[in-house]
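*Asks:* I am sharing protein_28.txt, which consists of compact mmCIF, C-alpha atoms (C1' of nucleotides):
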# COMPACT_ATOMS: atom_id res chain seq x y z
CA MET C 1 0.00 0.00 0.00
CA GLU C 2 1.31 3.38 -1.03
CA THR C 3 0.96 6.12 1.57
CA GLU C 4 3.55 8.49 0.17
CA THR C 5 3.26 9.90 -3.29
CA ALA C 6 6.14 11.64 -5.01
CA THR C 7 5.74 15.39 -4.71
CA ARG C 8 4.48 17.07 -7.83
CA TRP C 9 6.68 20.14 -7.72
CA LEU C 10 5.60 23.21 -9.62
CA THR C 11 6.87 23.51 -13.17
CA ASP C 12 8.80 26.65 -14.04
CA THR C 13 5.73 28.11 -15.69
CA GLU C 14 3.60 27.35 -12.69
CA GLN C 15 6.12 28.67 -10.26
CA CYS C 16 6.49 31.86 -12.22
CA ALA C 17 2.75 32.42 -12.42
CA TRP C 18 2.34 31.66 -8.75
CA ARG C 19 4.99 34.11 -7.70
CA THR C 20 3.56 36.78 -9.92
CA HIS C 21 0.19 36.21 -8.38
CA LEU C 22 1.57 36.55 -4.87
CA GLU C 23 3.54 39.61 -5.78
CA VAL C 24 0.65 41.41 -7.41
CA ASN C 25 -1.55 40.77 -4.44
CA ARG C 26 0.92 42.09 -2.04
CA LEU C 27 1.89 45.15 -4.00
CA LEU C 28 -1.67 45.93 -4.93
CA THR C 29 -2.92 45.74 -1.38
CA HIS C 30 -0.04 47.88 -0.30
CA GLN C 31 -0.77 50.49 -2.95
CA LEU C 32 -4.50 50.67 -2.31
CA GLU C 33 -3.81 51.00 1.38
CA LYS C 34 -1.42 53.84 0.66
CA ASP C 35 -3.92 55.65 -1.55
CA LEU C 36 -6.51 55.44 1.21
CA GLN C 37 -4.16 56.68 3.89
CA PRO C 38 -4.57 60.43 3.21
CA PHE C 39 -8.21 60.01 4.18
CA GLY C 40 -7.31 58.32 7.43
CA LEU C 41 -8.90 55.04 6.38
CA THR C 42 -7.56 51.54 6.03
CA MET C 43 -8.94 49.07 3.50
CA ASN C 44 -10.53 47.35 6.42
CA ASP C 45 -12.37 50.50 7.40
CA TYR C 46 -13.38 51.10 3.83
CA GLU C 47 -14.72 47.63 3.34
CA ILE C 48 -16.90 47.97 6.37
CA LEU C 49 -18.23 51.30 5.21
CA VAL C 50 -19.07 49.75 1.83
CA ASN C 51 -20.86 46.83 3.41
CA LEU C 52 -22.92 49.03 5.65
CA SER C 53 -23.78 51.56 2.99
CA GLU C 54 -25.06 48.79 0.73
CA SER C 55 -27.34 47.38 3.42
CA GLU C 56 -30.91 48.22 4.33
CA GLY C 57 -30.90 51.08 6.80
CA ASP C 58 -27.13 51.43 6.59
CA ARG C 59 -26.82 48.77 9.24
CA MET C 60 -25.73 45.19 9.70
CA ARG C 61 -25.62 42.73 12.52
CA MET C 62 -22.12 42.30 13.88
CA SER C 63 -22.16 38.63 13.01
CA ASP C 64 -23.22 39.17 9.45
CA LEU C 65 -20.67 41.90 9.04
CA ALA C 66 -17.99 39.60 10.37
CA THR C 67 -19.00 36.93 7.88
CA ALA C 68 -19.24 39.37 5.00
CA THR C 69 -15.80 40.77 5.65
CA MET C 70 -14.33 37.41 6.63
CA GLN C 71 -13.06 38.56 9.98
CA SER C 72 -13.29 36.93 13.36
CA LYS C 73 -15.93 38.30 15.69
CA SER C 74 -13.24 39.48 17.99
CA ARG C 75 -11.39 41.37 15.34
CA LEU C 76 -14.55 42.99 14.08
CA SER C 77 -15.51 44.01 17.57
CA HIS C 78 -12.21 45.83 18.06
CA GLN C 79 -12.43 47.27 14.59
CA VAL C 80 -15.91 48.65 15.15
CA THR C 81 -14.84 50.11 18.47
CA ARG C 82 -12.12 52.01 16.70
CA MET C 83 -14.50 53.19 14.00
CA GLU C 84 -16.97 54.17 16.66
CA ASN C 85 -14.33 56.36 18.24
CA ALA C 86 -13.77 57.94 14.85
CA ASP C 87 -17.52 58.55 14.60
CA LEU C 88 -17.83 56.55 11.40
CA VAL C 89 -20.17 54.00 12.90
CA ARG C 90 -22.24 53.44 15.99
CA ARG C 91 -23.62 50.38 17.72
CA GLU C 92 -27.32 49.95 18.17
CA ASN C 93 -29.27 47.32 20.02
CA CYS C 94 -31.30 44.75 18.17
CA GLU C 95 -34.99 44.55 19.09
CA SER C 96 -35.68 41.02 18.02
CA ASP C 97 -32.62 39.40 19.55
CA ARG C 98 -31.32 40.87 22.72
CA ARG C 99 -27.91 39.32 22.29
CA GLY C 100 -27.53 41.12 19.01
CA LEU C 101 -26.09 44.46 17.96
CA TYR C 102 -26.19 46.45 14.78
CA ALA C 103 -23.28 48.38 13.43
CA VAL C 104 -24.84 51.48 11.92
CA LEU C 105 -23.30 54.01 9.58
CA THR C 106 -23.25 57.50 11.10
CA GLU C 107 -23.89 60.65 9.11
CA HIS C 108 -20.18 61.33 9.17
CA GLY C 109 -19.49 57.79 8.06
CA LEU C 110 -21.76 58.25 5.08
CA GLU C 111 -20.17 61.54 4.13
CA THR C 112 -16.73 59.99 4.42
CA MET C 113 -17.86 57.18 2.20
CA ARG C 114 -19.11 59.59 -0.46
CA LYS C 115 -15.95 61.62 -0.33
CA VAL C 116 -13.53 58.70 -0.44
CA ALA C 117 -15.22 56.28 -2.83
CA PRO C 118 -14.30 58.13 -6.04
CA HIS C 119 -10.67 58.23 -5.05
CA HIS C 120 -10.64 54.59 -4.15
CA VAL C 121 -12.28 53.59 -7.41
CA ALA C 122 -9.77 55.68 -9.29
CA SER C 123 -7.03 53.90 -7.41
CA VAL C 124 -8.42 50.49 -8.32
CA ARG C 125 -8.62 51.58 -11.95
CA ARG C 126 -5.17 53.08 -12.07
CA HIS C 127 -3.39 50.15 -10.48
CA PHE C 128 -5.44 47.23 -11.74
CA MET C 129 -8.55 47.54 -13.80
CA ASP C 130 -7.27 49.84 -16.51
CA LEU C 131 -4.20 47.66 -16.98
CA LEU C 132 -6.35 44.73 -18.10
CA ALA C 133 -8.03 44.34 -21.46
CA PRO C 134 -11.79 43.98 -20.94
CA GLU C 135 -11.88 40.43 -22.26
CA THR C 136 -8.93 39.53 -20.09
CA LEU C 137 -10.91 40.76 -17.14
CA THR C 138 -13.82 38.45 -17.85
CA GLU C 139 -11.35 35.63 -18.44
CA LEU C 140 -9.81 36.35 -15.09
CA ASP C 141 -13.15 36.35 -13.39
CA LYS C 142 -14.18 33.11 -15.05
CA ALA C 143 -10.95 31.48 -13.95
CA LEU C 144 -11.16 32.74 -10.39
CA LYS C 145 -14.83 32.10 -9.68
CA PRO C 146 -14.45 28.33 -9.27
CA ILE C 147 -11.49 28.88 -7.00
CA ALA C 148 -13.52 31.20 -4.83
CA GLU C 149 -16.22 28.56 -4.81
CA HIS C 150 -13.79 25.86 -3.79
CA LEU C 151 -12.24 27.96 -1.06
CA ARG C 152 -15.58 28.97 0.36
CA GLY C 153 -16.29 25.26 0.62
CA GLN C 154 -13.10 24.73 2.63
CA ARG C 155 -13.94 27.35 5.24
CA GLY C 156 -14.11 25.94 8.71
CA ARG C 157 -13.08 22.41 7.89
CA PRO C 158 -10.65 20.27 9.92
CA MET G 1 -10.22 74.61 -16.90
CA GLU G 2 -11.49 71.25 -15.71
CA THR G 3 -10.14 70.11 -12.35
CA GLU G 4 -12.83 67.60 -11.45
CA THR G 5 -13.66 64.72 -13.70
CA ALA G 6 -16.80 62.66 -13.29
CA THR G 7 -15.98 59.46 -11.49
CA ARG G 8 -15.74 56.42 -13.72
CA TRP G 9 -17.47 53.95 -11.47
CA LEU G 10 -16.88 50.28 -12.02
CA THR G 11 -19.28 48.54 -14.34
CA ASP G 12 -21.11 45.51 -12.98
CA THR G 13 -18.69 43.21 -14.73
CA GLU G 14 -15.71 45.05 -13.36
CA GLN G 15 -17.10 45.19 -9.89
CA CYS G 16 -17.85 41.51 -9.93
CA ALA G 17 -14.37 40.62 -11.15
CA TRP G 18 -12.77 42.90 -8.64
CA ARG G 19 -14.65 41.45 -5.73
CA THR G 20 -13.87 37.93 -6.85
CA HIS G 21 -10.24 38.85 -7.04
CA LEU G 22 -10.25 40.27 -3.53
CA GLU G 23 -12.14 37.32 -2.18
CA VAL G 24 -9.86 34.73 -3.74
CA ASN G 25 -6.81 36.43 -2.39
CA ARG G 26 -8.14 36.58 1.06
CA LEU G 27 -9.48 33.06 1.19
CA LEU G 28 -6.43 31.63 -0.48
CA THR G 29 -4.03 33.32 1.90
CA HIS G 30 -6.14 32.15 4.77
CA GLN G 31 -6.17 28.57 3.54
CA LEU G 32 -2.46 28.37 2.82
CA GLU G 33 -1.77 29.82 6.23
CA LYS G 34 -3.99 27.20 7.77
CA ASP G 35 -2.29 24.35 5.91
CA LEU G 36 1.07 25.56 7.15
CA GLN G 37 -0.07 25.90 10.73
CA PRO G 38 0.39 22.24 11.74
CA PHE G 39 4.09 22.73 11.08
CA GLY G 40 4.26 25.79 13.26
CA LEU G 41 5.07 28.06 10.36
CA THR G 42 3.42 31.14 8.93
CA MET G 43 3.61 32.05 5.25
CA ASN G 44 5.98 34.74 6.29
CA ASP G 45 8.30 32.23 7.89
CA TYR G 46 8.02 29.98 4.89
CA GLU G 47 8.82 32.71 2.43
CA ILE G 48 11.96 33.57 4.30
CA LEU G 49 13.05 29.96 4.42
CA VAL G 50 12.52 29.72 0.66
CA ASN G 51 14.52 32.84 -0.02
CA LEU G 52 17.40 31.71 2.13
CA SER G 53 17.45 28.18 0.81
CA GLU G 54 17.63 29.48 -2.74
CA SER G 55 20.59 31.71 -1.99
CA GLU G 56 24.32 31.03 -2.10
CA GLY G 57 25.41 29.61 1.24
CA ASP G 58 21.84 29.60 2.55
CA ARG G 59 22.30 33.19 3.61
CA MET G 60 21.16 36.66 2.71
CA ARG G 61 21.88 40.14 3.92
CA MET G 62 19.04 41.49 6.03
CA SER G 63 18.49 44.34 3.63
CA ASP G 64 18.28 42.13 0.59
CA LEU G 65 15.96 39.79 2.39
CA ALA G 66 13.74 42.69 3.35
CA THR G 67 13.61 43.82 -0.27
CA ALA G 68 13.00 40.32 -1.59
CA THR G 69 10.13 39.71 0.78
CA MET G 70 8.81 43.27 0.55
CA GLN G 71 8.93 43.90 4.25
CA SER G 72 10.20 46.89 6.16
CA LYS G 73 13.57 46.48 7.80
CA SER G 74 11.88 46.78 11.12
CA ARG G 75 9.42 44.03 10.48
CA LEU G 76 12.08 41.73 9.12
CA SER G 77 14.26 42.35 12.13
CA HIS G 78 11.45 41.23 14.46
CA GLN G 79 10.63 38.33 12.20
CA VAL G 80 14.19 37.07 12.12
CA THR G 81 14.46 37.41 15.88
CA ARG G 82 11.44 35.15 16.23
CA MET G 83 12.82 32.66 13.76
CA GLU G 84 16.13 32.78 15.55
CA ASN G 85 14.37 31.81 18.75
CA ALA G 86 12.78 28.93 16.90
CA ASP G 87 16.26 27.91 15.69
CA LEU G 88 15.27 28.18 12.04
CA VAL G 89 17.77 30.89 11.28
CA ARG G 90 20.75 32.57 12.86
CA ARG G 91 22.38 35.95 12.38
CA GLU G 92 26.00 36.13 11.30
CA ASN G 93 28.28 39.11 10.92
CA CYS G 94 29.36 40.28 7.53
CA GLU G 95 33.10 40.45 6.98
CA SER G 96 33.17 42.98 4.21
CA ASP G 97 30.75 45.44 5.76
CA ARG G 98 30.74 45.68 9.48
CA ARG G 99 27.32 47.27 9.57
CA GLY G 100 25.88 44.25 7.83
CA LEU G 101 24.35 41.01 9.01
CA TYR G 102 23.47 37.82 7.28
CA ALA G 103 20.42 35.79 8.08
CA VAL G 104 21.59 32.19 7.72
CA LEU G 105 19.52 29.06 7.50
CA THR G 106 20.29 26.66 10.36
CA GLU G 107 20.44 22.91 9.97
CA HIS G 108 17.06 22.70 11.59
CA GLY G 109 15.74 25.41 9.30
CA LEU G 110 16.86 23.42 6.30
CA GLU G 111 15.29 20.21 7.58
CA THR G 112 12.08 22.06 8.28
CA MET G 113 12.12 23.42 4.78
CA ARG G 114 12.55 19.97 3.28
CA LYS G 115 9.81 18.53 5.42
CA VAL G 116 7.28 21.29 4.83
CA ALA G 117 7.82 22.18 1.19
CA PRO G 118 5.99 19.16 -0.27
CA HIS G 119 2.96 19.88 1.86
CA HIS G 120 2.95 23.52 0.94
CA VAL G 121 3.25 22.77 -2.75
CA ALA G 122 0.41 20.29 -2.46
CA SER G 123 -1.63 22.97 -0.76
CA VAL G 124 -0.95 25.46 -3.55
CA ARG G 125 -1.95 22.82 -6.08
CA ARG G 126 -5.07 21.76 -4.29
CA HIS G 127 -6.42 25.22 -3.70
CA PHE G 128 -5.22 27.07 -6.76
CA MET G 129 -3.01 25.58 -9.41
CA ASP G 130 -4.96 22.44 -10.15
CA LEU G 131 -8.19 24.43 -10.45
CA LEU G 132 -6.84 26.32 -13.43
CA ALA G 133 -6.48 25.01 -16.94
CA PRO G 134 -2.81 25.24 -18.00
CA GLU G 135 -3.49 27.76 -20.72
CA THR G 136 -5.56 29.81 -18.33
CA LEU G 137 -2.59 29.90 -16.04
CA THR G 138 -0.32 31.36 -18.68
CA GLU G 139 -3.09 33.81 -19.60
CA LEU G 140 -3.28 34.84 -15.98
CA ASP G 141 0.44 35.30 -15.74
CA LYS G 142 0.53 37.33 -18.94
CA ALA G 143 -2.25 39.56 -17.63
CA LEU G 144 -0.68 40.04 -14.22
CA LYS G 145 2.94 40.60 -15.22
CA PRO G 146 2.40 44.18 -16.47
CA ILE G 147 0.48 44.96 -13.32
CA ALA G 148 3.35 43.72 -11.20
CA GLU G 149 5.64 45.83 -13.32
CA HIS G 150 3.49 48.89 -12.86
CA LEU G 151 3.21 48.41 -9.12
CA ARG G 152 6.91 47.88 -8.69
CA GLY G 153 7.33 51.22 -10.40
CA GLN G 154 5.02 52.87 -7.87
CA ARG G 155 6.97 51.67 -4.85
CA GLY G 156 8.23 54.49 -2.70
CA ARG G 157 6.63 57.33 -4.60
CA PRO G 158 4.90 60.34 -3.04
C1' DC I 1 42.34 63.19 7.13
C1' DG I 2 37.88 65.18 8.77
C1' DT I 3 33.32 65.71 8.46
C1' DC I 4 28.96 65.36 6.21
C1' DG I 5 25.74 62.53 4.29
C1' DC I 6 24.21 57.80 3.29
C1' DT I 7 23.27 52.96 4.29
C1' DA I 8 22.51 48.85 7.59
C1' DG I 9 20.14 47.35 11.10
C1' DT I 10 17.89 47.62 15.73
C1' DT I 11 14.84 49.54 19.21
C1' DC I 12 10.97 51.91 21.21
C1' DA I 13 6.26 53.22 21.60
C1' DC I 14 2.13 52.50 19.74
C1' DC I 15 -1.49 50.16 17.04
C1' DT I 16 -3.76 45.86 15.22
C1' DT I 17 -4.71 40.98 15.28
C1' DT I 18 -5.32 36.60 17.57
C1' DC I 19 -6.87 33.43 20.96
C1' DA I 20 -9.05 31.95 24.90
C1' DA I 21 -12.22 33.08 28.55
C1' DC I 22 -16.45 35.12 29.62
C1' DA I 23 -21.46 36.97 30.05
C1' DT I 24 -25.83 36.87 28.05
C1' DT I 25 -29.61 35.27 25.41
C1' DT I 26 -31.81 31.97 22.46
C1' DT I 27 -33.10 27.37 21.06
C1' DA I 28 -34.04 22.43 21.43
C1' DG I 29 -35.37 18.45 24.06
C1' DG I 30 -37.09 15.78 27.63
C1' DC K 1 -41.14 24.44 32.22
C1' DC K 2 -36.35 23.68 32.90
C1' DT K 3 -32.04 22.61 31.52
C1' DA K 4 -28.16 21.81 28.20
C1' DA K 5 -26.20 23.30 24.14
C1' DA K 6 -25.50 26.79 20.83
C1' DA K 7 -25.25 31.50 19.22
C1' DT K 8 -24.15 36.55 19.93
C1' DG K 9 -20.90 39.58 21.13
C1' DT K 10 -17.09 41.57 24.33
C1' DT K 11 -12.78 41.56 26.80
C1' DG K 12 -7.86 41.18 28.06
C1' DA K 13 -3.40 39.48 27.41
C1' DA K 14 0.03 38.15 24.21
C1' DA K 15 1.89 38.21 19.58
C1' DG K 16 2.67 40.63 15.39
C1' DG K 17 3.27 44.91 12.64
C1' DT K 18 4.45 50.05 11.87
C1' DG K 19 7.08 54.28 11.77
C1' DA K 20 10.24 57.22 13.76
C1' DA K 21 14.36 57.77 16.36
C1' DC K 22 18.75 55.95 17.08
C1' DT K 23 23.59 53.67 16.66
C1' DA K 24 27.26 52.47 13.95
C1' DG K 25 29.96 52.01 9.91
C1' DC K 26 30.91 53.33 5.11
C1' DG K 27 32.42 56.62 1.54
C1' DA K 28 33.18 60.68 -0.97
C1' DC K 29 34.80 65.20 -1.43
C1' DG K 30 36.85 69.36 0.22
What do you get writing this file as structure tokens?
*Replies:*
Amino acid sequence: METETATRWLTDTEQCAWRTHLEVNRLLTHQLEKDLQPFGLTMNDYEILVNLSESEGDRMRMSDLATATMQSKSRLSHQVTRMENADLVRRENCESDRRGLYAVLTEHGLETMRKVAPHHVASVRRHFMDLLAPETLTELDKALKPIAEHLRGQRGRP
Amino acid sequence: METETATRWLTDTEQCAWRTHLEVNRLLTHQLEKDLQPFGLTMNDYEILVNLSESEGDRMRMSDLATATMQSKSRLSHQVTRMENADLVRRENCESDRRGLYAVLTEHGLETMRKVAPHHVASVRRHFMDLLAPETLTELDKALKPIAEHLRGQRGRP
DNA sequence: CGTCGCTAGTTCACCTTTCAACATTTTAGG
DNA sequence: CCTAAAATGTTGAAAGGTGAACTAGCGACG
């Protein structure tokens, strides 16, 4: 019985593509973060603002927000506390479930969102979107969708 | 004179692709990290081991290592201290430049590398590589290379 | 040669993330 | 009902990351 299989190392092509992928992700994240910095926001902050502003009543349950942004409850809790101190967000009790809390966009949070979004979009265009041919973009999406699917399936497994 | 230009928001297709891209990166990183965890390594650790093991004499100058892994000197210094405590790496003085230090792979670091690499490669295959058709992979690489190029150019600009 | 500026690397204080422990409320089952 | 298990969210300590200040050595130019 064979328990060990010979390792299938990456071919040169694969290795090259893989490293490019890693590099782009890192540099891109770094750059977007930097472009957001003048507004005093991190990508984390921004993502939360986006999620809230796209939700009914500019609010989401902490749990759902944690799931949507793929953060631990703990991390989100700290994060929201910080954003609360910056008056971007406030917590509000949930009527129907007394354990629950909503994170709610404040007026200032909404304004911030409106002010920052165009810059962020421009940043995404400048450093990513506009460097891809449109059909390449759809190719990319088609290639990545199944991977996203697969990875979502792996979440929280042994 | 026109100072403000109307924001070019992302089209639905673009938005969808962008979000997929973000999601894949996050989930993938998370998964690879998790697969490395049983060995007591982070991706950061692993990347440093790879860099060292691919270098002449299993050693690199701190500065070069920082550049290669795109970390600040400060972060790398902490990182190497941790890895030194785990006996994966040791610091060694540089003869030719007395300011300089080498990070050197230890025997145990090398063994660790050999033990872990096959698992990591398998992980990359399982969660990414093997989910892409070979020609899609080269497409992906071709699309991403110019972006990497562009982003490298942006590094350390105002 | 001296000194002024540059590079290498560490350290310090501060911020963010993680992990485990906890309090509270809901839900499911006998 | 009443209790056990599960879900919601917070907290606090420890680990990891950041940016600026600092030490020390190099190097070039008067």
*Asks:* Would you give me, as a list in words, the residues of chain G that come within 8 Å of chain I, using all atoms listed in the file?
*Replies:*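 Result, ordered by chain then number: Met62, Ser63, Lys73, Ser74, Ser77, Arg99, Gly100 and Leu101 of chain G.
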*Asks:* What are the coordinates of chain C as a short mmCIF file (atom, residue, chain, number, x, y, z; two decimals) with C-alpha atoms, keeping the file's coordinate frame following a least-squares fit to chain G on all in-order C-alpha atoms?
*Replies:*
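Listing of result.cif after writing:
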data_model
loop_
_atom_site.label_atom_id
_atom_site.label_comp_id
_atom_site.auth_asym_id
_atom_site.auth_seq_id
_atom_site.Cartn_x
_atom_site.Cartn_y
_atom_site.Cartn_z
CA MET C 1 -10.14 74.75 -16.71
CA GLU C 2 -11.44 71.41 -15.55
CA THR C 3 -9.96 70.12 -12.30
CA GLU C 4 -12.67 67.62 -11.46
CA THR C 5 -13.50 64.78 -13.75
CA ALA C 6 -16.65 62.72 -13.35
CA THR C 7 -15.85 59.49 -11.54
CA ARG C 8 -15.64 56.48 -13.77
CA TRP C 9 -17.39 54.01 -11.51
CA LEU C 10 -16.80 50.32 -12.05
CA THR C 11 -19.21 48.56 -14.37
CA ASP C 12 -21.05 45.56 -12.97
CA THR C 13 -18.65 43.24 -14.74
CA GLU C 14 -15.67 45.08 -13.38
CA GLN C 15 -17.04 45.24 -9.91
CA CYS C 16 -17.81 41.56 -9.93
CA ALA C 17 -14.35 40.63 -11.16
CA TRP C 18 -12.73 42.93 -8.65
CA ARG C 19 -14.62 41.47 -5.74
CA THR C 20 -13.85 37.97 -6.85
CA HIS C 21 -10.21 38.86 -7.03
CA LEU C 22 -10.22 40.28 -3.52
CA GLU C 23 -12.12 37.33 -2.18
CA VAL C 24 -9.85 34.73 -3.72
CA ASN C 25 -6.81 36.45 -2.35
CA ARG C 26 -8.14 36.59 1.08
CA LEU C 27 -9.48 33.08 1.21
CA LEU C 28 -6.43 31.64 -0.45
CA THR C 29 -4.02 33.30 1.92
CA HIS C 30 -6.14 32.16 4.80
CA GLN C 31 -6.18 28.57 3.56
CA LEU C 32 -2.46 28.36 2.85
CA GLU C 33 -1.77 29.81 6.26
CA LYS C 34 -4.01 27.18 7.80
CA ASP C 35 -2.31 24.34 5.94
CA LEU C 36 1.06 25.54 7.18
CA GLN C 37 -0.07 25.88 10.77
CA PRO C 38 0.39 22.20 11.77
CA PHE C 39 4.09 22.68 11.09
CA GLY C 40 4.26 25.74 13.30
CA LEU C 41 5.09 28.02 10.39
CA THR C 42 3.42 31.09 8.98
CA MET C 43 3.60 32.01 5.30
CA ASN C 44 5.96 34.71 6.35
CA ASP C 45 8.29 32.19 7.93
CA TYR C 46 8.02 29.95 4.93
CA GLU C 47 8.80 32.68 2.48
CA ILE C 48 11.93 33.55 4.34
CA LEU C 49 13.04 29.95 4.44
CA VAL C 50 12.49 29.72 0.67
CA ASN C 51 14.47 32.86 0.00
CA LEU C 52 17.37 31.74 2.11
CA SER C 53 17.44 28.21 0.78
CA GLU C 54 17.60 29.52 -2.78
CA SER C 55 20.56 31.78 -2.03
CA GLU C 56 24.27 31.12 -2.16
CA GLY C 57 25.38 29.71 1.16
CA ASP C 58 21.83 29.65 2.48
CA ARG C 59 22.25 33.24 3.55
CA MET C 60 21.10 36.72 2.68
CA ARG C 61 21.79 40.19 3.91
CA MET C 62 18.97 41.51 6.06
CA SER C 63 18.39 44.36 3.67
CA ASP C 64 18.16 42.17 0.63
CA LEU C 65 15.87 39.80 2.43
CA ALA C 66 13.65 42.69 3.42
CA THR C 67 13.48 43.83 -0.18
CA ALA C 68 12.89 40.34 -1.52
CA THR C 69 10.04 39.71 0.87
CA MET C 70 8.73 43.27 0.66
CA GLN C 71 8.84 43.89 4.37
CA SER C 72 10.11 46.84 6.31
CA LYS C 73 13.51 46.44 7.91
CA SER C 74 11.92 46.68 11.28
CA ARG C 75 9.42 43.98 10.62
CA LEU C 76 12.05 41.68 9.21
CA SER C 77 14.27 42.27 12.19
CA HIS C 78 11.53 41.18 14.58
CA GLN C 79 10.62 38.31 12.32
CA VAL C 80 14.18 37.02 12.18
CA THR C 81 14.49 37.33 15.94
CA ARG C 82 11.49 35.09 16.31
CA MET C 83 12.85 32.60 13.80
CA GLU C 84 16.17 32.71 15.55
CA ASN C 85 14.46 31.73 18.77
CA ALA C 86 12.87 28.84 16.91
CA ASP C 87 16.33 27.85 15.66
CA LEU C 88 15.31 28.14 12.03
CA VAL C 89 17.80 30.87 11.27
CA ARG C 90 20.78 32.57 12.81
CA ARG C 91 22.42 35.95 12.35
CA GLU C 92 25.99 36.19 11.21
CA ASN C 93 28.23 39.18 10.84
CA CYS C 94 29.25 40.44 7.44
CA GLU C 95 33.00 40.69 6.80
CA SER C 96 32.96 43.27 4.08
CA ASP C 97 30.51 45.68 5.67
CA ARG C 98 30.55 45.94 9.39
CA ARG C 99 27.09 47.43 9.54
CA GLY C 100 25.73 44.38 7.81
CA LEU C 101 24.30 41.08 8.98
CA TYR C 102 23.43 37.86 7.25
CA ALA C 103 20.41 35.81 8.05
CA VAL C 104 21.59 32.23 7.67
CA LEU C 105 19.54 29.07 7.45
CA THR C 106 20.33 26.67 10.30
CA GLU C 107 20.49 22.91 9.88
CA HIS C 108 17.11 22.68 11.55
CA GLY C 109 15.78 25.38 9.27
CA LEU C 110 16.87 23.41 6.24
CA GLU C 111 15.34 20.21 7.52
CA THR C 112 12.10 22.03 8.27
CA MET C 113 12.13 23.41 4.78
CA ARG C 114 12.55 19.95 3.26
CA LYS C 115 9.83 18.50 5.40
CA VAL C 116 7.29 21.26 4.84
CA ALA C 117 7.81 22.17 1.19
CA PRO C 118 5.97 19.16 -0.27
CA HIS C 119 2.95 19.85 1.86
CA HIS C 120 2.93 23.49 0.96
CA VAL C 121 3.22 22.75 -2.74
CA ALA C 122 0.39 20.27 -2.44
CA SER C 123 -1.64 22.96 -0.75
CA VAL C 124 -0.96 25.44 -3.53
CA ARG C 125 -1.97 22.81 -6.08
CA ARG C 126 -5.10 21.74 -4.28
CA HIS C 127 -6.44 25.22 -3.68
CA PHE C 128 -5.23 27.05 -6.76
CA MET C 129 -3.03 25.56 -9.40
CA ASP C 130 -4.99 22.41 -10.12
CA LEU C 131 -8.20 24.41 -10.41
CA LEU C 132 -6.85 26.30 -13.42
CA ALA C 133 -6.51 24.97 -16.94
CA PRO C 134 -2.85 25.18 -18.00
CA GLU C 135 -3.54 27.72 -20.73
CA THR C 136 -5.59 29.78 -18.32
CA LEU C 137 -2.60 29.84 -16.05
CA THR C 138 -0.34 31.30 -18.71
CA GLU C 139 -3.08 33.76 -19.60
CA LEU C 140 -3.27 34.78 -15.99
CA ASP C 141 0.44 35.24 -15.78
CA LYS C 142 0.54 37.27 -18.97
CA ALA C 143 -2.22 39.51 -17.67
CA LEU C 144 -0.65 39.99 -14.26
CA LYS C 145 2.96 40.54 -15.27
CA PRO C 146 2.43 44.10 -16.51
CA ILE C 147 0.53 44.92 -13.36
CA ALA C 148 3.39 43.66 -11.25
CA GLU C 149 5.68 45.76 -13.39
CA HIS C 150 3.55 48.84 -12.92
CA LEU C 151 3.26 48.36 -9.19
CA ARG C 152 6.96 47.80 -8.75
CA GLY C 153 7.39 51.14 -10.47
CA GLN C 154 5.09 52.81 -7.94
CA ARG C 155 7.02 51.60 -4.91
CA GLY C 156 8.29 54.40 -2.77
CA ARG C 157 6.74 57.26 -4.69
CA PRO C 158 5.02 60.30 -3.14
#
*Asks:* Where does chain G meet chain K within 8 Å, residue by residue, with the nearest atom pair and distance in Å to one decimal for each, counting only C-alpha atoms (C1' of nucleotides), listed by chain and rising number, as CSV?
*Replies:*
residue,atom,partner,partner_atom,distance
G:Arg75,CA,K:DG17,C1',6.6
G:Asp97,CA,K:DG25,C1',7.8
G:Arg98,CA,K:DG25,C1',6.4
G:Arg99,CA,K:DG25,C1',5.4
*Asks:* Compare G:Asp87, G:Asp64, G:Glu149, G:Asp141 by their minimum atom-to-atom distance to chain C, counting all atoms listed in the file, and give me the closest one.
*Replies:*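 Checking each of G:Asp87, G:Asp64, G:Glu149, G:Asp141 against chain C, counting all atoms listed in the file, the winner is G:Asp141.
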*Asks:* Could you list, as JSON, numbers by chain, every residue of chain C that has an atom within 8 Å of an atom of chain G, counting all atoms listed in the file?
*Replies:* {"C": [7, 8, 9, 10, 13, 14, 16, 17, 20, 21, 23, 24, 25, 27, 28, 31, 118, 121, 122, 127, 128, 129, 131, 132, 136, 137, 138, 140, 141, 143, 144, 145, 146, 147, 148, 150, 151, 152, 154]}
*Asks:* Can you tell me how far atom CA of Tyr102 of chain G sits from atom CA of Met43 of chain G, in Å to one decimal?
*Replies:*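 Taking atom CA of Tyr102 of chain G as the start and atom CA of Met43 of chain G as the end point, the length is 20.8 Å.
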*Asks:* At a cut-off of 12 Å, using only C-alpha atoms (C1' of nucleotides), what residues contact Glu54 of chain C? Leave out same-chain residues fewer than 5 positions from it and give the result as an MDAnalysis selection string.
*Replies:* chainID C and resid 47:49 59:60 65 68 104:105 110 113
*Asks:* Those residues you just picked out, can you put them in a file as an mmCIF file, keeping the file's coordinate frame with C-alpha atoms?
*Replies:*
data_model
loop_
_atom_site.group_PDB
_atom_site.id
_atom_site.type_symbol
_atom_site.label_atom_id
_atom_site.label_comp_id
_atom_site.auth_asym_id
_atom_site.auth_seq_id
_atom_site.Cartn_x
_atom_site.Cartn_y
_atom_site.Cartn_z
ATOM 1 C CA GLU C 47 -14.720 47.630 3.340
ATOM 2 C CA ILE C 48 -16.900 47.970 6.370
ATOM 3 C CA LEU C 49 -18.230 51.300 5.210
ATOM 4 C CA ARG C 59 -26.820 48.770 9.240
ATOM 5 C CA MET C 60 -25.730 45.190 9.700
ATOM 6 C CA LEU C 65 -20.670 41.900 9.040
ATOM 7 C CA ALA C 68 -19.240 39.370 5.000
ATOM 8 C CA VAL C 104 -24.840 51.480 11.920
ATOM 9 C CA LEU C 105 -23.300 54.010 9.580
ATOM 10 C CA LEU C 110 -21.760 58.250 5.080
ATOM 11 C CA MET C 113 -17.860 57.180 2.200
#
